[in-house]
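Content type TSV, C-alpha atoms and all ligand atoms, from the file upload07.tsv:
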```tsv
chain	number	residue	atom	x	y	z
P	1268	MET	CA	-17.12	-11.84	-3.93
P	1269	GLY	CA	-14.05	-13.76	-2.89
P	1270	THR	CA	-15.66	-15.78	-0.14
P	1271	THR	CA	-15.78	-19.04	-2.13
P	1272	ILE	CA	-12.01	-19.04	-2.63
P	1273	THR	CA	-10.27	-21.94	-0.89
P	1274	ARG	CA	-6.72	-22.10	0.34
P	1275	GLN	CA	-6.10	-25.06	-1.96
P	1276	TYR	CA	-7.20	-22.98	-4.97
P	1277	VAL	CA	-4.77	-20.21	-4.04
P	1278	ASP	CA	-1.95	-22.74	-3.63
P	1279	GLU	CA	-2.75	-24.23	-7.02
P	1280	LEU	CA	-2.62	-20.81	-8.66
P	1281	PHE	CA	0.79	-20.14	-7.10
P	1282	SER	CA	2.06	-23.44	-8.58
P	1283	LYS	CA	0.95	-22.70	-12.15
P	1284	PRO	CA	3.56	-22.04	-14.85
P	1285	LEU	CA	4.21	-18.32	-14.60
P	1286	LEU	CA	3.14	-17.29	-18.09
P	1287	GLU	CA	-0.05	-19.35	-17.91
P	1288	LEU	CA	-0.84	-17.65	-14.63
P	1289	VAL	CA	-0.15	-14.19	-16.05
P	1290	PHE	CA	-2.35	-14.91	-19.06
P	1291	THR	CA	-5.24	-15.93	-16.79
P	1292	ALA	CA	-4.75	-12.88	-14.57
P	1293	ALA	CA	-4.56	-10.56	-17.58
P	1294	THR	CA	-7.82	-12.04	-18.87
P	1295	VAL	CA	-9.58	-11.56	-15.52
P	1296	HIS	CA	-8.16	-8.04	-15.33
P	1297	ARG	CA	-9.73	-7.15	-18.69
P	1298	GLU	CA	-13.16	-8.31	-17.56
P	1299	TYR	CA	-13.27	-5.71	-14.81
P	1300	HIS	CA	-10.85	-2.91	-15.71
P	1301	ASP	CA	-9.53	-0.78	-18.53
P	1302	PRO	CA	-6.05	-2.31	-18.95
P	1303	ARG	CA	-4.52	1.08	-19.83
P	1304	ARG	CA	-5.73	2.69	-16.61
P	1305	VAL	CA	-3.30	3.03	-13.71
P	1306	GLN	CA	-4.41	4.72	-10.50
P	1307	ARG	CA	-1.88	7.15	-9.03
P	1308	SER	CA	-1.38	7.75	-5.30
P	1309	GLN	CA	1.21	9.96	-3.66
P	1310	LEU	CA	2.62	9.40	-0.19
P	1311	ILE	CA	3.82	11.86	2.41
P	1312	SER	CA	5.34	11.08	5.78
P	1313	ILE	CA	3.60	13.59	8.04
P	1314	LYS	CA	5.34	12.27	11.16
P	1315	THR	CA	8.54	10.35	10.61
P	1316	GLY	CA	10.47	7.95	12.86
P	1317	GLY	CA	10.46	7.23	16.56
P	1318	CYS	CA	7.82	4.49	16.37
P	1319	PRO	CA	7.76	2.21	19.45
P	1320	GLU	CA	6.84	-0.86	17.36
P	1321	ASP	CA	9.46	-3.37	16.21
P	1322	CYS	CA	8.34	-4.26	12.66
P	1323	GLY	CA	11.54	-5.85	11.36
P	1324	TYR	CA	11.47	-4.17	7.94
P	1325	CYS	CA	10.77	-0.62	9.02
P	1326	SER	CA	13.04	2.44	8.93
P	1327	GLN	CA	10.75	4.23	11.37
P	1328	SER	CA	11.04	1.92	14.36
P	1329	ALA	CA	12.88	3.59	17.26
P	1330	ARG	CA	14.41	0.19	18.08
P	1331	TYR	CA	16.85	0.06	15.21
P	1332	ALA	CA	19.79	2.38	14.58
P	1333	GLY	CA	20.31	3.71	11.08
P	1334	GLY	CA	16.69	4.36	10.18
P	1335	ALA	CA	14.83	7.64	9.94
P	1336	GLU	CA	15.36	10.36	12.54
P	1337	LYS	CA	12.41	11.09	14.78
P	1338	ASP	CA	10.47	14.14	13.67
P	1339	VAL	CA	7.46	16.10	14.92
P	1340	LEU	CA	4.08	16.11	13.19
P	1341	MET	CA	4.20	18.41	10.16
P	1342	ALA	CA	2.25	21.65	9.98
P	1343	THR	CA	-1.03	21.43	8.06
P	1344	GLU	CA	-0.02	24.12	5.51
P	1345	ALA	CA	3.19	22.27	4.59
P	1346	VAL	CA	1.25	19.04	4.02
P	1347	LEU	CA	-1.32	20.81	1.85
P	1348	LEU	CA	1.42	22.49	-0.18
P	1349	ASP	CA	2.74	19.03	-1.00
P	1350	ALA	CA	-0.77	17.80	-1.79
P	1351	ARG	CA	-1.23	20.64	-4.27
P	1352	ARG	CA	2.07	19.72	-5.95
P	1353	ALA	CA	1.00	16.06	-6.07
P	1354	ARG	CA	-2.25	17.08	-7.75
P	1355	GLU	CA	-0.32	19.08	-10.35
P	1356	GLU	CA	1.73	15.98	-11.14
P	1357	GLY	CA	-1.42	13.97	-11.68
P	1358	ALA	CA	-1.85	12.18	-8.36
P	1359	GLU	CA	-5.44	11.21	-7.66
P	1360	ARG	CA	-5.03	10.15	-4.06
P	1361	PHE	CA	-2.89	11.67	-1.31
P	1362	CYS	CA	-1.79	9.26	1.42
P	1363	MET	CA	-0.59	10.59	4.76
P	1364	GLY	CA	1.56	8.31	6.93
P	1365	ALA	CA	2.46	8.79	10.59
P	1366	ALA	CA	4.86	6.50	12.47
P	1367	TRP	CA	2.61	5.98	15.45
P	1368	ARG	CA	1.78	2.72	17.23
P	1369	SER	CA	-1.76	4.02	17.55
P	1370	VAL	CA	-3.58	7.32	17.30
P	1371	ARG	CA	-3.96	9.38	20.48
P	1372	ASP	CA	-6.77	11.87	20.82
P	1373	GLY	CA	-5.60	15.46	21.21
P	1374	GLU	CA	-4.03	18.33	19.32
P	1375	GLU	CA	-2.07	16.10	16.92
P	1376	PHE	CA	-5.06	14.01	15.86
P	1377	ASP	CA	-7.08	17.24	15.49
P	1378	ARG	CA	-4.38	18.46	13.12
P	1379	VAL	CA	-4.56	15.28	11.06
P	1380	ILE	CA	-8.31	15.80	10.78
P	1381	GLN	CA	-7.60	19.31	9.41
P	1382	MET	CA	-5.17	17.81	6.90
P	1383	VAL	CA	-7.81	15.35	5.70
P	1384	ARG	CA	-10.32	18.18	5.23
P	1385	GLY	CA	-7.73	20.23	3.34
P	1386	VAL	CA	-6.80	17.36	1.01
P	1387	LYS	CA	-10.48	16.80	0.23
P	1388	GLU	CA	-10.94	20.53	-0.51
P	1389	LEU	CA	-8.21	20.19	-3.15
P	1390	GLY	CA	-10.37	17.60	-4.89
P	1391	LEU	CA	-8.05	14.69	-4.10
P	1392	GLU	CA	-8.96	11.39	-2.53
P	1393	ALA	CA	-7.57	11.20	1.00
P	1394	CYS	CA	-5.89	8.20	2.59
P	1395	ALA	CA	-4.14	7.90	5.95
P	1396	THR	CA	-2.05	5.32	7.75
P	1397	LEU	CA	-1.59	6.24	11.39
P	1398	GLY	CA	-1.31	2.89	13.19
P	1399	MET	CA	-4.06	1.39	15.32
P	1400	LEU	CA	-7.40	3.21	15.51
P	1401	SER	CA	-10.34	3.05	17.90
P	1402	PRO	CA	-13.87	2.94	16.45
P	1403	ASP	CA	-14.44	6.57	17.57
P	1404	GLN	CA	-11.28	7.76	15.87
P	1405	ALA	CA	-12.27	5.95	12.68
P	1406	LEU	CA	-15.61	7.75	12.78
P	1407	ARG	CA	-13.91	11.13	13.16
P	1408	LEU	CA	-11.76	10.40	10.12
P	1409	GLU	CA	-14.80	9.38	8.13
P	1410	GLU	CA	-16.62	12.58	9.09
P	1411	ALA	CA	-13.61	14.59	7.89
P	1412	GLY	CA	-13.98	12.91	4.50
P	1413	LEU	CA	-11.25	10.27	4.60
P	1414	ASP	CA	-11.73	7.90	1.66
P	1415	TYR	CA	-9.25	5.13	2.52
P	1416	TYR	CA	-7.35	3.93	5.58
P	1417	ASN	CA	-4.19	1.88	4.98
P	1418	HIS	CA	-3.38	-0.85	7.47
P	1419	ASN	CA	-1.60	-3.91	6.08
P	1420	ILE	CA	-1.71	-7.50	7.25
P	1421	ASP	CA	1.75	-7.59	5.64
P	1422	THR	CA	2.07	-11.39	5.41
P	1423	GLY	CA	0.34	-14.66	6.30
P	1424	ARG	CA	-0.84	-15.01	9.89
P	1425	SER	CA	1.66	-17.83	10.52
P	1426	HIS	CA	4.61	-15.60	9.59
P	1427	TYR	CA	3.43	-12.35	11.21
P	1428	GLU	CA	4.89	-13.02	14.67
P	1429	LYS	CA	8.33	-13.51	13.10
P	1430	VAL	CA	8.16	-9.99	11.70
P	1431	VAL	CA	6.82	-8.00	14.65
P	1432	SER	CA	6.43	-8.80	18.35
P	1433	THR	CA	4.86	-5.60	19.73
P	1434	HIS	CA	1.44	-6.17	18.20
P	1435	GLY	CA	-0.31	-9.14	16.66
P	1436	TYR	CA	-2.22	-10.09	13.56
P	1437	ASP	CA	-5.50	-9.85	15.45
P	1438	ASP	CA	-4.71	-6.24	16.44
P	1439	ARG	CA	-4.42	-5.49	12.72
P	1440	LEU	CA	-7.79	-7.10	12.04
P	1441	LYS	CA	-9.39	-5.12	14.87
P	1442	THR	CA	-8.33	-1.79	13.40
P	1443	LEU	CA	-9.45	-2.91	9.95
P	1444	GLN	CA	-12.88	-3.71	11.42
P	1445	ALA	CA	-13.11	-0.24	13.00
P	1446	VAL	CA	-12.27	1.29	9.61
P	1447	ARG	CA	-14.87	-0.84	7.85
P	1448	ASP	CA	-17.55	-0.12	10.46
P	1449	ALA	CA	-16.97	3.62	10.12
P	1450	GLY	CA	-17.63	3.40	6.38
P	1451	ILE	CA	-14.07	4.15	5.26
P	1452	LYS	CA	-12.67	2.11	2.37
P	1453	VAL	CA	-9.99	-0.38	3.34
P	1454	CYS	CA	-6.48	-0.33	1.89
P	1455	CYS	CA	-4.77	-3.49	3.08
P	1456	GLY	CA	-1.97	-5.52	1.57
P	1457	GLY	CA	1.46	-6.81	2.32
P	1458	ILE	CA	5.15	-6.95	1.80
P	1459	LEU	CA	7.31	-9.53	0.03
P	1460	GLY	CA	10.88	-10.38	0.98
P	1461	ILE	CA	10.53	-10.43	4.76
P	1462	GLY	CA	11.65	-14.05	5.11
P	1463	GLU	CA	8.27	-15.51	4.19
P	1464	THR	CA	7.77	-18.75	2.28
P	1465	ARG	CA	5.60	-18.99	-0.81
P	1466	SER	CA	3.05	-20.69	1.41
P	1467	ALA	CA	2.93	-17.59	3.65
P	1468	ARG	CA	2.37	-15.47	0.53
P	1469	ALA	CA	-0.51	-17.73	-0.46
P	1470	GLU	CA	-1.88	-17.48	3.08
P	1471	MET	CA	-1.79	-13.69	2.82
P	1472	VAL	CA	-3.62	-13.61	-0.52
P	1473	PHE	CA	-6.16	-16.10	0.84
P	1474	ASP	CA	-6.76	-13.95	3.93
P	1475	LEU	CA	-7.25	-10.83	1.78
P	1476	ALA	CA	-9.53	-12.64	-0.67
P	1477	THR	CA	-11.77	-14.01	2.08
P	1478	MET	CA	-12.25	-10.73	3.91
P	1479	ASP	CA	-15.89	-9.75	3.64
P	1480	PRO	CA	-15.98	-7.35	1.92
P	1481	VAL	CA	-12.54	-7.57	0.33
P	1482	PRO	CA	-10.25	-4.49	0.58
P	1483	GLU	CA	-10.95	-1.88	-2.08
P	1484	SER	CA	-7.22	-1.26	-2.39
P	1485	ILE	CA	-4.34	-3.74	-2.00
P	1486	PRO	CA	-0.73	-2.56	-1.94
P	1487	ILE	CA	1.93	-5.18	-2.69
P	1488	ASN	CA	5.28	-3.93	-1.44
P	1489	GLN	CA	8.68	-5.44	-2.06
P	1490	LEU	CA	11.09	-4.99	0.85
P	1491	VAL	CA	13.34	-1.98	0.52
P	1492	PRO	CA	16.15	-3.12	2.83
P	1493	ILE	CA	16.93	-0.58	5.56
P	1494	GLU	CA	20.31	-0.48	7.24
P	1495	GLY	CA	20.16	-1.27	10.95
P	1496	THR	CA	16.95	-3.31	10.75
P	1497	PRO	CA	16.93	-7.10	11.21
P	1498	MET	CA	16.06	-7.41	7.50
P	1499	ALA	CA	18.85	-5.16	6.24
P	1500	SER	CA	20.62	-7.99	4.44
P	1501	ASN	CA	17.58	-9.96	3.25
P	1502	ASP	CA	17.80	-11.11	-0.34
P	1503	LEU	CA	15.23	-9.48	-2.60
P	1504	VAL	CA	12.57	-11.98	-3.63
P	1505	ASP	CA	12.95	-13.01	-7.22
P	1506	TRP	CA	10.99	-10.65	-9.49
P	1507	THR	CA	8.90	-13.59	-10.72
P	1508	GLU	CA	7.51	-14.01	-7.19
P	1509	VAL	CA	6.31	-10.41	-7.26
P	1510	VAL	CA	4.61	-11.02	-10.61
P	1511	ARG	CA	3.17	-14.30	-9.35
P	1512	THR	CA	1.74	-12.75	-6.19
P	1513	ILE	CA	0.14	-9.94	-8.16
P	1514	ALA	CA	-1.33	-12.35	-10.69
P	1515	VAL	CA	-2.84	-14.59	-8.00
P	1516	ALA	CA	-4.22	-11.57	-6.13
P	1517	ARG	CA	-5.82	-10.25	-9.35
P	1518	ILE	CA	-7.47	-13.60	-10.08
P	1519	CYS	CA	-8.77	-14.01	-6.52
P	1520	ILE	CA	-9.76	-10.35	-5.96
P	1521	PRO	CA	-10.74	-9.17	-9.44
P	1522	LYS	CA	-12.29	-5.77	-8.69
P	1523	THR	CA	-9.78	-4.26	-6.25
P	1524	TRP	CA	-7.20	-1.56	-6.98
P	1525	LEU	CA	-3.99	-3.61	-6.89
P	1526	ARG	CA	-1.01	-1.41	-6.23
P	1527	LEU	CA	2.56	-2.22	-7.23
P	1528	SER	CA	3.96	-0.34	-4.23
P	1529	ALA	CA	7.40	-0.07	-2.61
P	1530	GLY	CA	10.31	-1.64	-4.49
P	1531	ARG	CA	9.57	-0.47	-8.06
P	1532	ARG	CA	13.08	0.97	-8.46
P	1533	GLU	CA	14.58	-2.37	-7.56
P	1534	LEU	CA	12.26	-4.21	-9.98
P	1535	GLY	CA	13.24	-2.29	-13.09
P	1536	GLU	CA	11.06	-1.47	-16.07
P	1537	ALA	CA	10.58	-4.92	-17.63
P	1538	ALA	CA	9.48	-6.58	-14.40
P	1539	GLN	CA	7.15	-3.68	-13.65
P	1540	ALA	CA	5.62	-4.11	-17.10
P	1541	MET	CA	5.00	-7.77	-16.34
P	1542	CYS	CA	3.30	-6.78	-13.06
P	1543	PHE	CA	0.96	-4.42	-14.94
P	1544	MET	CA	0.27	-7.24	-17.40
P	1545	ALA	CA	-0.55	-9.50	-14.43
P	1546	GLY	CA	-3.19	-7.08	-13.17
P	1547	ALA	CA	-1.50	-4.37	-11.12
P	1548	ASN	CA	-3.43	-1.16	-11.83
P	1549	SER	CA	-2.16	1.32	-9.29
P	1550	MET	CA	1.18	2.81	-8.28
P	1551	PHE	CA	2.80	5.36	-6.00
P	1552	VAL	CA	3.99	8.42	-7.88
P	1553	GLY	CA	6.43	11.07	-6.71
P	1554	ASP	CA	10.14	10.85	-5.95
P	1555	LYS	CA	9.65	9.59	-2.42
P	1556	LEU	CA	7.65	6.93	-0.62
P	1557	LEU	CA	7.75	7.56	3.15
P	1558	THR	CA	11.47	7.48	3.87
P	1559	THR	CA	12.88	5.76	0.78
P	1560	ASP	CA	13.14	6.69	-2.89
P	1561	ASN	CA	10.54	5.99	-5.56
P	1562	PRO	CA	11.14	6.33	-9.32
P	1563	ALA	CA	11.24	9.95	-10.48
P	1564	PHE	CA	8.09	11.45	-12.01
P	1565	GLU	CA	9.71	11.78	-15.46
P	1566	ASP	CA	10.89	8.15	-15.40
P	1567	ASP	CA	7.38	6.96	-14.58
P	1568	ARG	CA	5.90	9.12	-17.28
P	1569	ALA	CA	8.37	7.65	-19.78
P	1570	LEU	CA	7.59	4.10	-18.65
P	1571	MET	CA	3.84	4.65	-18.93
P	1572	GLU	CA	4.33	6.09	-22.43
P	1573	LYS	CA	6.40	3.08	-23.50
P	1574	LEU	CA	3.70	0.72	-22.22
P	1575	GLY	CA	0.87	2.73	-23.79
P	1576	MET	CA	-0.71	3.28	-20.41
P	1577	LEU	CA	-2.56	6.45	-19.51
P	1578	PHE	CA	-0.67	8.89	-17.30
P	1579	PRO	CA	-2.61	12.14	-17.24
P	1580	HIS	CA	-1.12	15.04	-15.35
P	1581	ALA	CA	-1.53	18.77	-15.11
P	1582	SER	CA	1.36	20.94	-16.26
P	1583	LYS	CA	4.24	20.93	-13.81
P	1584	THR	CA	4.65	24.65	-14.34
P	1585	VAL	CA	1.17	25.58	-13.05
S	1601	LIG	N1	2.57	2.70	11.09
S	1601	LIG	C1	1.61	2.36	10.15
S	1601	LIG	C2	1.28	0.90	10.17
S	1601	LIG	O1	1.95	0.13	10.80
S	1601	LIG	O2	0.32	0.52	9.51
S	1601	LIG	C3	1.88	2.79	8.73
S	1601	LIG	C4	3.20	2.90	8.12
S	1601	LIG	S1	3.94	1.44	7.45
S	1601	LIG	C5	5.31	2.27	6.78
S	1601	LIG	C6	2.94	0.92	6.08
S	1601	LIG	C7	3.41	-0.27	5.29
S	1601	LIG	O3	4.52	0.06	4.51
S	1601	LIG	C8	3.85	-1.50	6.06
S	1601	LIG	O4	2.77	-2.24	6.50
S	1601	LIG	C9	4.68	-2.23	5.02
S	1601	LIG	O5	3.89	-3.11	4.26
S	1601	LIG	C10	5.22	-1.11	4.15
S	1601	LIG	N2	6.65	-0.90	4.40
S	1601	LIG	C11	7.20	-0.35	5.49
S	1601	LIG	N3	8.55	-0.35	5.42
S	1601	LIG	C12	8.86	-0.92	4.23
S	1601	LIG	C13	10.08	-1.22	3.57
S	1601	LIG	N4	11.26	-0.97	4.12
S	1601	LIG	N5	10.03	-1.80	2.36
S	1601	LIG	C14	8.84	-2.06	1.78
S	1601	LIG	N6	7.65	-1.81	2.36
S	1601	LIG	C15	7.65	-1.25	3.58
S	1602	LIG	C1	2.00	0.61	1.82
S	1602	LIG	O1	1.58	-0.56	1.75
S	1602	LIG	N1	3.14	1.02	1.30
S	1602	LIG	C2	3.36	2.42	1.62
S	1602	LIG	C3	2.04	2.83	2.29
S	1602	LIG	N2	1.36	1.58	2.43
S	1602	LIG	C4	2.05	3.61	3.52
S	1602	LIG	C5	4.61	2.64	2.40
S	1602	LIG	C6	5.85	2.10	1.72
S	1602	LIG	C7	7.01	2.43	2.59
S	1602	LIG	C8	8.30	2.03	1.98
S	1602	LIG	C9	9.45	2.29	2.86
S	1602	LIG	C10	9.68	3.72	3.21
S	1602	LIG	O2	9.65	4.61	2.32
S	1602	LIG	O3	9.96	3.98	4.37
S	1603	LIG	FE1	6.93	1.08	11.01
S	1603	LIG	FE2	4.22	1.19	11.23
S	1603	LIG	FE3	5.64	-0.83	12.35
S	1603	LIG	FE4	5.80	1.65	13.37
S	1603	LIG	S1	3.97	0.34	13.29
S	1603	LIG	S2	7.52	0.25	13.04
S	1603	LIG	S3	5.70	2.89	11.49
S	1603	LIG	S4	5.42	-0.35	10.13
```

Would you give me this structure, written as structure tokens?
Ligand code: SAM
Ligand code: DTB
Ligand code: SF4
Amino acid sequence: MGTTITRQYVDELFSKPLLELVFTAATVHREYHDPRRVQRSQLISIKTGGCPEDCGYCSQSARYAGGAEKDVLMATEAVLLDARRAREEGAERFCMGAAWRSVRDGEEFDRVIQMVRGVKELGLEACATLGMLSPDQALRLEEAGLDYYNHNIDTGRSHYEKVVSTHGYDDRLKTLQAVRDAGIKVCCGGILGIGETRSARAEMVFDLATMDPVPESIPINQLVPIEGTPMASNDLVDWTEVVRTIAVARICIPKTWLRLSAGRRELGEAAQAMCFMAGANSMFVGDKLLTTDNPAFEDDRALMEKLGMLFPHASKTV
């Protein structure tokens, strides 16, 4: 699947009239998915800030003033308390993020392994994003029951070095290979609004669509500008570019979970609806992403009701 896609085909899709493109994507979406189904993941930042990397969009880099304060790794019980709450609000997957360049073996990684086991015991899918991983570390996560590992390519290869200088695109691919080889599902996507051209967006979708196998989960983030970072005053990409990117990704990668990720507050309800029409079928739930705000639970429930999409959840009073 996906391997016969050419770069020219992706470029042509990006150039189509928007509503034609959305119609095609919506049609493809209906061949493979229930259009009322939206997968729900909840994030937690288990170790915030102080990251040595210089990703120009990120609140957690120690290089920029104004971002998140550096914190220690959370206690396992506190993380599992949050996971239980997420489950009560209807989350299906619990995603744990740590602002590390790479994972180091030792007490902290052992604790993350405990967290993964605990999340699985609650009956949730477990996902983690901890920076670069060695093949051995990926295997340990798999043995603990980790379902997904998130590690984004973020943008097209040609633009990547303009976004981060402390690691390269090939480092990202190496970690993704370790994840794949360990038998963990891959969550890999990108971010829009980081100074990329439409061509770089097409390059990113092409790279994702020609991975073999393609990622099982693809988050599409819109930049949430963070004070103090080099991208603090970036213009938001036009909402139609978000819709367009989602539509092209759905056409090229029909079976994946395609997540409308960071930036939903900035998009507003109508543009989000268009993204779901264009084939997005996953979202982050809960008031917070890692360090920035996400729409409130009740607002999402209301939006899903308006759109006639399914939003099952256990009682909040349980
Ligand atoms: N340190 C890990 C890594 O580099 O993979 C994981 C954490 S990082 C926060 C995960 C992804 O979140 C990034 O690859 C990027 O796509 C997205 N992201 C980070 N900061 C963002 C922001 N300010 N706005 C939108 N998306 C953001
Ligand atoms: C992804 O692609 N988006 C999530 C998750 N993977 C880890 C993170 C979004 C972060 C948004 C900015 C913040 O809250 O700091
Ligand atoms: Fe942020 Fe991850 Fe880059 Fe660190 S490696 S600065 S946490 S995106």

Worksheet item: Which of these, P:His1434, P:Arg1468, P:Arg1384, P:Arg1407, has the shortest distance to P:Ala1350 once you count all atoms listed in the file?
Response: P:Arg1384

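In this model, the gap between atom C11 of ligand LIG 1601 (chain S) and atom CA of P:Cys1542 comes to 20.0 Å.
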
Worksheet item: Using all atoms listed in the file, which of the listed residues (P:Ser1528, P:Thr1523, P:Ser1500, P:Thr1294) sits closest to ligand LIG 1602 (chain S)?
Response: P:Ser1528

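The residue that comes closest to P:Trp1524, out of P:Lys1429, P:Arg1330, P:Arg1424, P:His1296 and on the basis of all atoms listed in the file, is P:His1296.
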
Compute the set of protein, DNA and RNA residues whose minimum atom distance to ligand LIG 1603 (chain S) is at most 9 Å, using all atoms listed in the file, and state it as a PDB file with C-alpha atoms, keeping the file's coordinate frame.
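Saved file selection15.pdb follows:
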```pdb
ATOM      1  CA  THR P1315       8.540  10.350  10.610  1.00  0.00           C
ATOM      2  CA  GLY P1316      10.470   7.950  12.860  1.00  0.00           C
ATOM      3  CA  GLY P1317      10.460   7.230  16.560  1.00  0.00           C
ATOM      4  CA  CYS P1318       7.820   4.490  16.370  1.00  0.00           C
ATOM      5  CA  PRO P1319       7.760   2.210  19.450  1.00  0.00           C
ATOM      6  CA  GLU P1320       6.840  -0.860  17.360  1.00  0.00           C
ATOM      7  CA  ASP P1321       9.460  -3.370  16.210  1.00  0.00           C
ATOM      8  CA  CYS P1322       8.340  -4.260  12.660  1.00  0.00           C
ATOM      9  CA  GLY P1323      11.540  -5.850  11.360  1.00  0.00           C
ATOM     10  CA  TYR P1324      11.470  -4.170   7.940  1.00  0.00           C
ATOM     11  CA  CYS P1325      10.770  -0.620   9.020  1.00  0.00           C
ATOM     12  CA  SER P1326      13.040   2.440   8.930  1.00  0.00           C
ATOM     13  CA  GLN P1327      10.750   4.230  11.370  1.00  0.00           C
ATOM     14  CA  SER P1328      11.040   1.920  14.360  1.00  0.00           C
ATOM     15  CA  ALA P1329      12.880   3.590  17.260  1.00  0.00           C
ATOM     16  CA  ARG P1330      14.410   0.190  18.080  1.00  0.00           C
ATOM     17  CA  GLY P1364       1.560   8.310   6.930  1.00  0.00           C
ATOM     18  CA  ALA P1365       2.460   8.790  10.590  1.00  0.00           C
ATOM     19  CA  ALA P1366       4.860   6.500  12.470  1.00  0.00           C
ATOM     20  CA  TRP P1367       2.610   5.980  15.450  1.00  0.00           C
ATOM     21  CA  ARG P1368       1.780   2.720  17.230  1.00  0.00           C
ATOM     22  CA  SER P1369      -1.760   4.020  17.550  1.00  0.00           C
ATOM     23  CA  THR P1396      -2.050   5.320   7.750  1.00  0.00           C
ATOM     24  CA  LEU P1397      -1.590   6.240  11.390  1.00  0.00           C
ATOM     25  CA  GLY P1398      -1.310   2.890  13.190  1.00  0.00           C
ATOM     26  CA  MET P1399      -4.060   1.390  15.320  1.00  0.00           C
ATOM     27  CA  HIS P1418      -3.380  -0.850   7.470  1.00  0.00           C
ATOM     28  CA  ASN P1419      -1.600  -3.910   6.080  1.00  0.00           C
ATOM     29  CA  VAL P1431       6.820  -8.000  14.650  1.00  0.00           C
ATOM     30  CA  THR P1433       4.860  -5.600  19.730  1.00  0.00           C
ATOM     31  CA  HIS P1434       1.440  -6.170  18.200  1.00  0.00           C
TER      32      HIS P1434
END
```

Worksheet item: Within 10 Å of ligand LIG 1602 (chain S), counting all atoms listed in the file, which protein or nucleic acid residues do you find, written as a ChimeraX atom specification?
Response: /P:1308-1312,1315-1316,1324-1327,1334-1335,1362-1366,1394-1397,1416-1421,1454-1458,1484-1493,1526-1530,1550-1551,1555-1561

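Closest approach to ligand LIG 1601 (chain S) from the set P:Met1478, P:Met1471, P:Leu1459, P:Ile1518 is made by P:Leu1459, with distances taken over all atoms listed in the file.
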
Item to complete: Please provide as a PyMOL selection string all residues within 9 Å of P:Tyr1436, with the sequence filter that same-chain residues fewer than 3 positions apart are discarded (counting all atoms listed in the file).
Response: chain P and resi 1420+1423-1424+1427-1428+1439-1441

Discussion item. Would you compute the distance between atom CA of P:Leu1577 and atom CA of P:Ile1513? Give it in Å to one decimal.
Written reply: 20.1 Å

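Compared by their closest atoms to P:Met1571, and using only C-alpha atoms, the residues P:Arg1303, P:Leu1280, P:Thr1496, P:Lys1337 rank with P:Arg1303 nearest.
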
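With only C-alpha atoms and all ligand atoms as the basis for measurement, P:Thr1442 is the residue among P:Gly1450, P:Pro1579, P:Thr1442, P:Asp1567 that approaches ligand LIG 1601 (chain S) most closely.
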
How would stretch 1310-1318 of chain P look with N, CA, C and O atoms restored, written as a PDB file, in the coordinates of the input?
```
ATOM      1  N   LEU P1310       2.427   9.509  -1.642  1.00  0.00           N
ATOM      2  CA  LEU P1310       2.620   9.400  -0.190  1.00  0.00           C
ATOM      3  C   LEU P1310       3.284  10.645   0.369  1.00  0.00           C
ATOM      4  O   LEU P1310       4.045  11.329  -0.314  1.00  0.00           O
ATOM      5  N   ILE P1311       3.009  10.894   1.661  1.00  0.00           N
ATOM      6  CA  ILE P1311       3.820  11.860   2.410  1.00  0.00           C
ATOM      7  C   ILE P1311       3.947  11.331   3.831  1.00  0.00           C
ATOM      8  O   ILE P1311       3.000  10.785   4.390  1.00  0.00           O
ATOM      9  N   SER P1312       5.143  11.475   4.386  1.00  0.00           N
ATOM     10  CA  SER P1312       5.340  11.080   5.780  1.00  0.00           C
ATOM     11  C   SER P1312       5.098  12.313   6.633  1.00  0.00           C
ATOM     12  O   SER P1312       5.931  13.211   6.691  1.00  0.00           O
ATOM     13  N   ILE P1313       3.945  12.383   7.276  1.00  0.00           N
ATOM     14  CA  ILE P1313       3.600  13.590   8.040  1.00  0.00           C
ATOM     15  C   ILE P1313       4.228  13.562   9.435  1.00  0.00           C
ATOM     16  O   ILE P1313       4.342  14.588  10.094  1.00  0.00           O
ATOM     17  N   LYS P1314       4.624  12.400   9.868  1.00  0.00           N
ATOM     18  CA  LYS P1314       5.340  12.270  11.160  1.00  0.00           C
ATOM     19  C   LYS P1314       6.261  11.064  11.022  1.00  0.00           C
ATOM     20  O   LYS P1314       5.794   9.924  10.946  1.00  0.00           O
ATOM     21  N   THR P1315       7.551  11.370  10.950  1.00  0.00           N
ATOM     22  CA  THR P1315       8.540  10.350  10.610  1.00  0.00           C
ATOM     23  C   THR P1315       9.286   9.847  11.841  1.00  0.00           C
ATOM     24  O   THR P1315       9.643  10.638  12.715  1.00  0.00           O
ATOM     25  N   GLY P1316       9.539   8.550  11.883  1.00  0.00           N
ATOM     26  CA  GLY P1316      10.470   7.950  12.860  1.00  0.00           C
ATOM     27  C   GLY P1316       9.950   7.902  14.286  1.00  0.00           C
ATOM     28  O   GLY P1316       8.851   8.357  14.606  1.00  0.00           O
ATOM     29  N   GLY P1317      10.760   7.269  15.132  1.00  0.00           N
ATOM     30  CA  GLY P1317      10.460   7.230  16.560  1.00  0.00           C
ATOM     31  C   GLY P1317       9.305   6.319  16.937  1.00  0.00           C
ATOM     32  O   GLY P1317       8.734   6.434  18.024  1.00  0.00           O
ATOM     33  N   CYS P1318       8.956   5.365  16.073  1.00  0.00           N
ATOM     34  CA  CYS P1318       7.820   4.490  16.370  1.00  0.00           C
ATOM     35  C   CYS P1318       8.231   3.424  17.391  1.00  0.00           C
ATOM     36  O   CYS P1318       9.291   2.812  17.252  1.00  0.00           O
TER      37      CYS P1318
END
```
